[in-house]
Amino acid sequence: MDWDLLLPSRDAENVARINALLADELDVPLETLGPHGENVIQTYQTRWGILQFHLGRPPGMEAFDVLEARAKEHLIANGVVAKCLNGKDLLASKRAVNRPSDFEDIEFLEAKAQAGLL
């Protein structure tokens with residue numbers, strides 16, 4: 001399982017909460033975005049799979065606040081609600097990055113968009 005988490009780039013309070021919550025899972029603490037763009041992507045192997053924190057603006061995407069305003073809430077388990085990128089923003093990001101590993105996702109999301117389901 002692979003979890004990609006988009007965070008505000010320099011939200012030290014949020015990063016501290018994540019570090020407290022995941023202290024037993026992260027081999028080194030999560031850090032805020034550095035002044036020269038350091039720590040933009042931080043990846044951890046955990047018992048739940050790979051957690052990847054993105055602290056900058058991913059390619060093809062707008063500012064965090066804009067993305068958060070358009071995010072969709074989904075019930076994921078045990079009453080926990082998670083905010084997720086909307087489908088159009090996810091598609092824009094995958095198109096911009098254009099990695100071979102994303103080609104099937106792009107096809108799937110484009111088909112959903114053509115059917116009016118994004």
# chains A, B, ... in the order shown; residues from 1 in each chain; ligands from 1

$ select_by_dssp --residues "chain A" --states "strand (DSSP E or B)" --output "VMD selection string"
chain A and resid 2 to 6 41 to 46 49 to 54 72 to 77 80 to 84

$ write_last_selection --atoms "C-alpha atoms" --output "mmCIF file, in the first residue's frame"
data_model
loop_
_atom_site.group_PDB
_atom_site.id
_atom_site.type_symbol
_atom_site.label_atom_id
_atom_site.label_comp_id
_atom_site.auth_asym_id
_atom_site.auth_seq_id
_atom_site.Cartn_x
_atom_site.Cartn_y
_atom_site.Cartn_z
ATOM 1 C CA ASP A 2 1.249 3.461 -0.900
ATOM 2 C CA TRP A 3 -0.149 6.586 0.794
ATOM 3 C CA ASP A 4 0.665 10.045 -0.585
ATOM 4 C CA LEU A 5 -0.049 12.862 1.852
ATOM 5 C CA LEU A 6 -0.006 16.509 0.812
ATOM 6 C CA ILE A 41 9.202 14.809 -0.379
ATOM 7 C CA GLN A 42 9.811 12.542 2.615
ATOM 8 C CA THR A 43 9.218 8.794 2.347
ATOM 9 C CA TYR A 44 8.812 6.243 5.136
ATOM 10 C CA GLN A 45 8.290 2.475 5.151
ATOM 11 C CA THR A 46 5.732 1.604 7.855
ATOM 12 C CA GLY A 49 2.911 0.490 3.731
ATOM 13 C CA ILE A 50 4.800 3.409 2.275
ATOM 14 C CA LEU A 51 3.899 6.881 3.562
ATOM 15 C CA GLN A 52 5.078 9.693 1.346
ATOM 16 C CA PHE A 53 4.674 13.265 2.563
ATOM 17 C CA HIS A 54 4.676 16.030 -0.070
ATOM 18 C CA LYS A 72 -13.461 15.646 -1.165
ATOM 19 C CA GLU A 73 -14.111 14.010 2.173
ATOM 20 C CA HIS A 74 -14.217 10.219 2.263
ATOM 21 C CA LEU A 75 -14.998 7.850 5.101
ATOM 22 C CA ILE A 76 -11.993 5.519 5.186
ATOM 23 C CA ALA A 77 -12.458 3.314 8.289
ATOM 24 C CA VAL A 80 -12.426 8.339 10.238
ATOM 25 C CA VAL A 81 -12.889 10.918 7.503
ATOM 26 C CA ALA A 82 -10.004 11.877 5.223
ATOM 27 C CA LYS A 83 -9.771 14.800 2.835
ATOM 28 C CA CYS A 84 -8.649 13.595 -0.598
#

$ residues_around --residues "A:Phe64" --least-positions-apart "3" --cutoff "8 Å" --atoms "only C-alpha atoms" --output "PyMOL selection string"
chain A and resi 6-8+57+67-68

$ write_last_selection --atoms "C-alpha atoms" --output "mmCIF file, in the first residue's frame"
data_model
loop_
_atom_site.group_PDB
_atom_site.id
_atom_site.type_symbol
_atom_site.label_atom_id
_atom_site.label_comp_id
_atom_site.auth_asym_id
_atom_site.auth_seq_id
_atom_site.Cartn_x
_atom_site.Cartn_y
_atom_site.Cartn_z
ATOM 1 C CA LEU A 6 -0.006 16.509 0.812
ATOM 2 C CA LEU A 7 0.759 18.965 3.624
ATOM 3 C CA PRO A 8 1.108 22.727 3.898
ATOM 4 C CA ARG A 57 3.428 22.216 -4.655
ATOM 5 C CA LEU A 67 -6.484 22.099 -3.378
ATOM 6 C CA GLU A 68 -7.810 21.762 0.170
#

$ closest_residue --among "A:Leu55, A:Thr32, A:Met1, A:Asp105" --to "A:Ala16" --atoms "only C-alpha atoms"
A:Thr32

$ select_by_dssp --residues "chain A" --states "alpha helix (DSSP H)" --output "ChimeraX atom specification"
/A:12-21,64-70,87-97,103-114

$ residues_around --residues "A:Asp89" --least-positions-apart "2" --cutoff "12 Å" --atoms "only C-alpha atoms" --output "MDAnalysis selection string"
chainID A and resid 57:64 66:72 84:87 91:96 106 109:110 113 118

$ write_last_selection --atoms "N, CA and C atoms" --output "short mmCIF file (atom, residue, chain, number, x, y, z; two decimals), in the first residue's frame"
data_model
loop_
_atom_site.label_atom_id
_atom_site.label_comp_id
_atom_site.auth_asym_id
_atom_site.auth_seq_id
_atom_site.Cartn_x
_atom_site.Cartn_y
_atom_site.Cartn_z
N ARG A 57 4.49 22.28 -3.65
CA ARG A 57 3.43 22.22 -4.65
C ARG A 57 3.83 21.19 -5.70
N PRO A 58 3.14 20.05 -5.74
CA PRO A 58 3.48 19.05 -6.75
C PRO A 58 3.26 19.59 -8.16
N PRO A 59 3.99 19.07 -9.13
CA PRO A 59 3.84 19.51 -10.51
C PRO A 59 2.38 19.45 -10.97
N GLY A 60 1.96 20.48 -11.68
CA GLY A 60 0.61 20.51 -12.25
C GLY A 60 -0.48 20.85 -11.26
N MET A 61 -0.10 21.21 -10.03
CA MET A 61 -1.10 21.46 -9.01
C MET A 61 -1.05 22.91 -8.53
N GLU A 62 -2.16 23.34 -7.98
CA GLU A 62 -2.26 24.69 -7.45
C GLU A 62 -1.79 24.72 -6.00
N ALA A 63 -1.88 25.87 -5.36
CA ALA A 63 -1.46 26.02 -3.97
C ALA A 63 -2.28 25.13 -3.05
N PHE A 64 -1.69 24.76 -1.92
CA PHE A 64 -2.34 23.85 -0.97
C PHE A 64 -3.75 24.32 -0.60
N VAL A 66 -5.90 26.08 -2.18
CA VAL A 66 -6.85 25.88 -3.29
C VAL A 66 -7.23 24.42 -3.38
N LEU A 67 -6.23 23.54 -3.31
CA LEU A 67 -6.48 22.10 -3.38
C LEU A 67 -7.34 21.64 -2.20
N GLU A 68 -7.04 22.15 -1.01
CA GLU A 68 -7.81 21.76 0.17
C GLU A 68 -9.27 22.20 0.04
N ALA A 69 -9.50 23.40 -0.51
CA ALA A 69 -10.87 23.88 -0.67
C ALA A 69 -11.67 23.00 -1.62
N ARG A 70 -10.99 22.39 -2.60
CA ARG A 70 -11.67 21.53 -3.57
C ARG A 70 -11.65 20.06 -3.18
N ALA A 71 -10.97 19.72 -2.09
CA ALA A 71 -10.83 18.32 -1.67
C ALA A 71 -12.19 17.72 -1.35
N LYS A 72 -12.25 16.41 -1.48
CA LYS A 72 -13.46 15.65 -1.16
C LYS A 72 -13.22 14.87 0.12
N CYS A 84 -9.40 14.13 0.54
CA CYS A 84 -8.65 13.60 -0.60
C CYS A 84 -8.71 14.58 -1.75
N LEU A 85 -7.65 14.60 -2.54
CA LEU A 85 -7.67 15.42 -3.75
C LEU A 85 -8.90 15.08 -4.58
N ASN A 86 -9.48 16.09 -5.20
CA ASN A 86 -10.56 15.74 -6.12
C ASN A 86 -9.94 15.13 -7.37
N GLY A 87 -10.74 14.42 -8.11
CA GLY A 87 -10.24 13.68 -9.27
C GLY A 87 -9.58 14.53 -10.32
N LEU A 91 -5.75 14.07 -11.57
CA LEU A 91 -5.45 13.87 -12.99
C LEU A 91 -4.46 14.90 -13.49
N ALA A 92 -4.63 16.17 -13.11
CA ALA A 92 -3.71 17.23 -13.54
C ALA A 92 -2.29 16.94 -13.05
N SER A 93 -2.17 16.48 -11.82
CA SER A 93 -0.85 16.17 -11.28
C SER A 93 -0.21 14.99 -12.01
N LYS A 94 -0.97 13.94 -12.23
CA LYS A 94 -0.42 12.76 -12.91
C LYS A 94 -0.03 13.08 -14.35
N ARG A 95 -0.82 13.92 -15.02
CA ARG A 95 -0.45 14.34 -16.38
C ARG A 95 0.85 15.14 -16.37
N ALA A 96 1.00 16.04 -15.41
CA ALA A 96 2.18 16.89 -15.35
C ALA A 96 3.44 16.08 -15.08
N ILE A 106 -3.78 7.54 -15.35
CA ILE A 106 -4.21 8.63 -16.22
C ILE A 106 -5.34 8.17 -17.13
N LEU A 109 -8.51 7.79 -15.03
CA LEU A 109 -9.08 9.09 -14.63
C LEU A 109 -9.65 9.84 -15.84
N GLU A 110 -8.99 9.72 -16.98
CA GLU A 110 -9.53 10.37 -18.19
C GLU A 110 -10.86 9.76 -18.59
N ALA A 113 -13.41 11.11 -16.32
CA ALA A 113 -13.70 12.52 -16.65
C ALA A 113 -14.62 12.59 -17.87
N LEU A 118 -15.78 12.70 -12.59
CA LEU A 118 -14.73 13.29 -11.76
C LEU A 118 -15.25 14.55 -11.12
#

$ closest_residue --among "A:Asn14, A:Leu33, A:Lys88, A:Asn39" --to "A:Gly116" --atoms "only C-alpha atoms"
A:Lys88

$ residues_around --residues "A:Arg17" --least-positions-apart "5" --cutoff "12 Å" --atoms "only C-alpha atoms" --output "PDB file with N, CA and C atoms, in the first residue's frame"
ATOM      1  N   ASP A  11       4.031  24.139   7.867  1.00  0.00           N
ATOM      2  CA  ASP A  11       3.117  24.080   9.010  1.00  0.00           C
ATOM      3  C   ASP A  11       3.746  23.248  10.126  1.00  0.00           C
ATOM      4  N   ALA A  12       4.595  23.886  10.945  1.00  0.00           N
ATOM      5  CA  ALA A  12       5.343  23.184  11.990  1.00  0.00           C
ATOM      6  C   ALA A  12       4.421  22.517  13.010  1.00  0.00           C
ATOM      7  N   LEU A  22       2.876   9.368  14.852  1.00  0.00           N
ATOM      8  CA  LEU A  22       3.588   8.290  14.159  1.00  0.00           C
ATOM      9  C   LEU A  22       4.983   8.027  14.719  1.00  0.00           C
ATOM     10  N   ALA A  23       5.236   8.436  15.956  1.00  0.00           N
ATOM     11  CA  ALA A  23       6.578   8.317  16.546  1.00  0.00           C
ATOM     12  C   ALA A  23       7.134   6.902  16.468  1.00  0.00           C
ATOM     13  N   PRO A  29      12.205  11.848  12.269  1.00  0.00           N
ATOM     14  CA  PRO A  29      11.032  12.717  12.280  1.00  0.00           C
ATOM     15  C   PRO A  29      10.783  13.398  10.932  1.00  0.00           C
ATOM     16  N   LEU A  30       9.515  13.620  10.651  1.00  0.00           N
ATOM     17  CA  LEU A  30       9.096  14.422   9.513  1.00  0.00           C
ATOM     18  C   LEU A  30       9.537  15.856   9.767  1.00  0.00           C
ATOM     19  N   GLU A  31       9.983  16.554   8.743  1.00  0.00           N
ATOM     20  CA  GLU A  31      10.432  17.939   8.885  1.00  0.00           C
ATOM     21  C   GLU A  31       9.624  18.839   7.963  1.00  0.00           C
TER      22      GLU A  31
END

$ atom_distance --atom1 "atom CA of A:Trp48" --atom2 "atom CA of A:Leu21"
13.8 Å

$ decode --residues "stretch 19-58 of chain A" --atoms "C-alpha atoms" --output "mmCIF file, in the first residue's frame"
data_model
loop_
_atom_site.group_PDB
_atom_site.id
_atom_site.type_symbol
_atom_site.label_atom_id
_atom_site.label_comp_id
_atom_site.auth_asym_id
_atom_site.auth_seq_id
_atom_site.Cartn_x
_atom_site.Cartn_y
_atom_site.Cartn_z
ATOM 1 C CA ASN A 19 5.468 13.140 14.451
ATOM 2 C CA ALA A 20 3.742 12.565 17.807
ATOM 3 C CA LEU A 21 1.117 10.337 16.227
ATOM 4 C CA LEU A 22 3.588 8.290 14.159
ATOM 5 C CA ALA A 23 6.578 8.317 16.546
ATOM 6 C CA ASP A 24 6.765 4.519 16.606
ATOM 7 C CA GLU A 25 6.550 4.251 12.806
ATOM 8 C CA LEU A 26 8.937 6.894 11.467
ATOM 9 C CA ASP A 27 12.646 6.110 11.615
ATOM 10 C CA VAL A 28 13.432 9.855 11.562
ATOM 11 C CA PRO A 29 11.032 12.717 12.280
ATOM 12 C CA LEU A 30 9.096 14.422 9.513
ATOM 13 C CA GLU A 31 10.432 17.939 8.885
ATOM 14 C CA THR A 32 8.872 21.076 7.452
ATOM 15 C CA LEU A 33 9.963 22.371 4.061
ATOM 16 C CA GLY A 34 13.406 23.945 4.320
ATOM 17 C CA PRO A 35 14.223 27.495 3.191
ATOM 18 C CA HIS A 36 15.802 26.202 -0.029
ATOM 19 C CA GLY A 37 13.210 23.512 -0.777
ATOM 20 C CA GLU A 38 14.797 20.771 1.319
ATOM 21 C CA ASN A 39 12.459 18.005 2.548
ATOM 22 C CA VAL A 40 9.913 18.551 -0.225
ATOM 23 C CA ILE A 41 9.202 14.809 -0.379
ATOM 24 C CA GLN A 42 9.811 12.542 2.615
ATOM 25 C CA THR A 43 9.218 8.794 2.347
ATOM 26 C CA TYR A 44 8.812 6.243 5.136
ATOM 27 C CA GLN A 45 8.290 2.475 5.151
ATOM 28 C CA THR A 46 5.732 1.604 7.855
ATOM 29 C CA ARG A 47 3.632 -1.381 8.855
ATOM 30 C CA TRP A 48 0.786 0.199 6.841
ATOM 31 C CA GLY A 49 2.911 0.490 3.731
ATOM 32 C CA ILE A 50 4.800 3.409 2.275
ATOM 33 C CA LEU A 51 3.899 6.881 3.562
ATOM 34 C CA GLN A 52 5.078 9.693 1.346
ATOM 35 C CA PHE A 53 4.674 13.265 2.563
ATOM 36 C CA HIS A 54 4.676 16.030 -0.070
ATOM 37 C CA LEU A 55 5.416 19.452 1.392
ATOM 38 C CA GLY A 56 5.658 21.585 -1.699
ATOM 39 C CA ARG A 57 3.428 22.216 -4.655
ATOM 40 C CA PRO A 58 3.480 19.049 -6.747
#
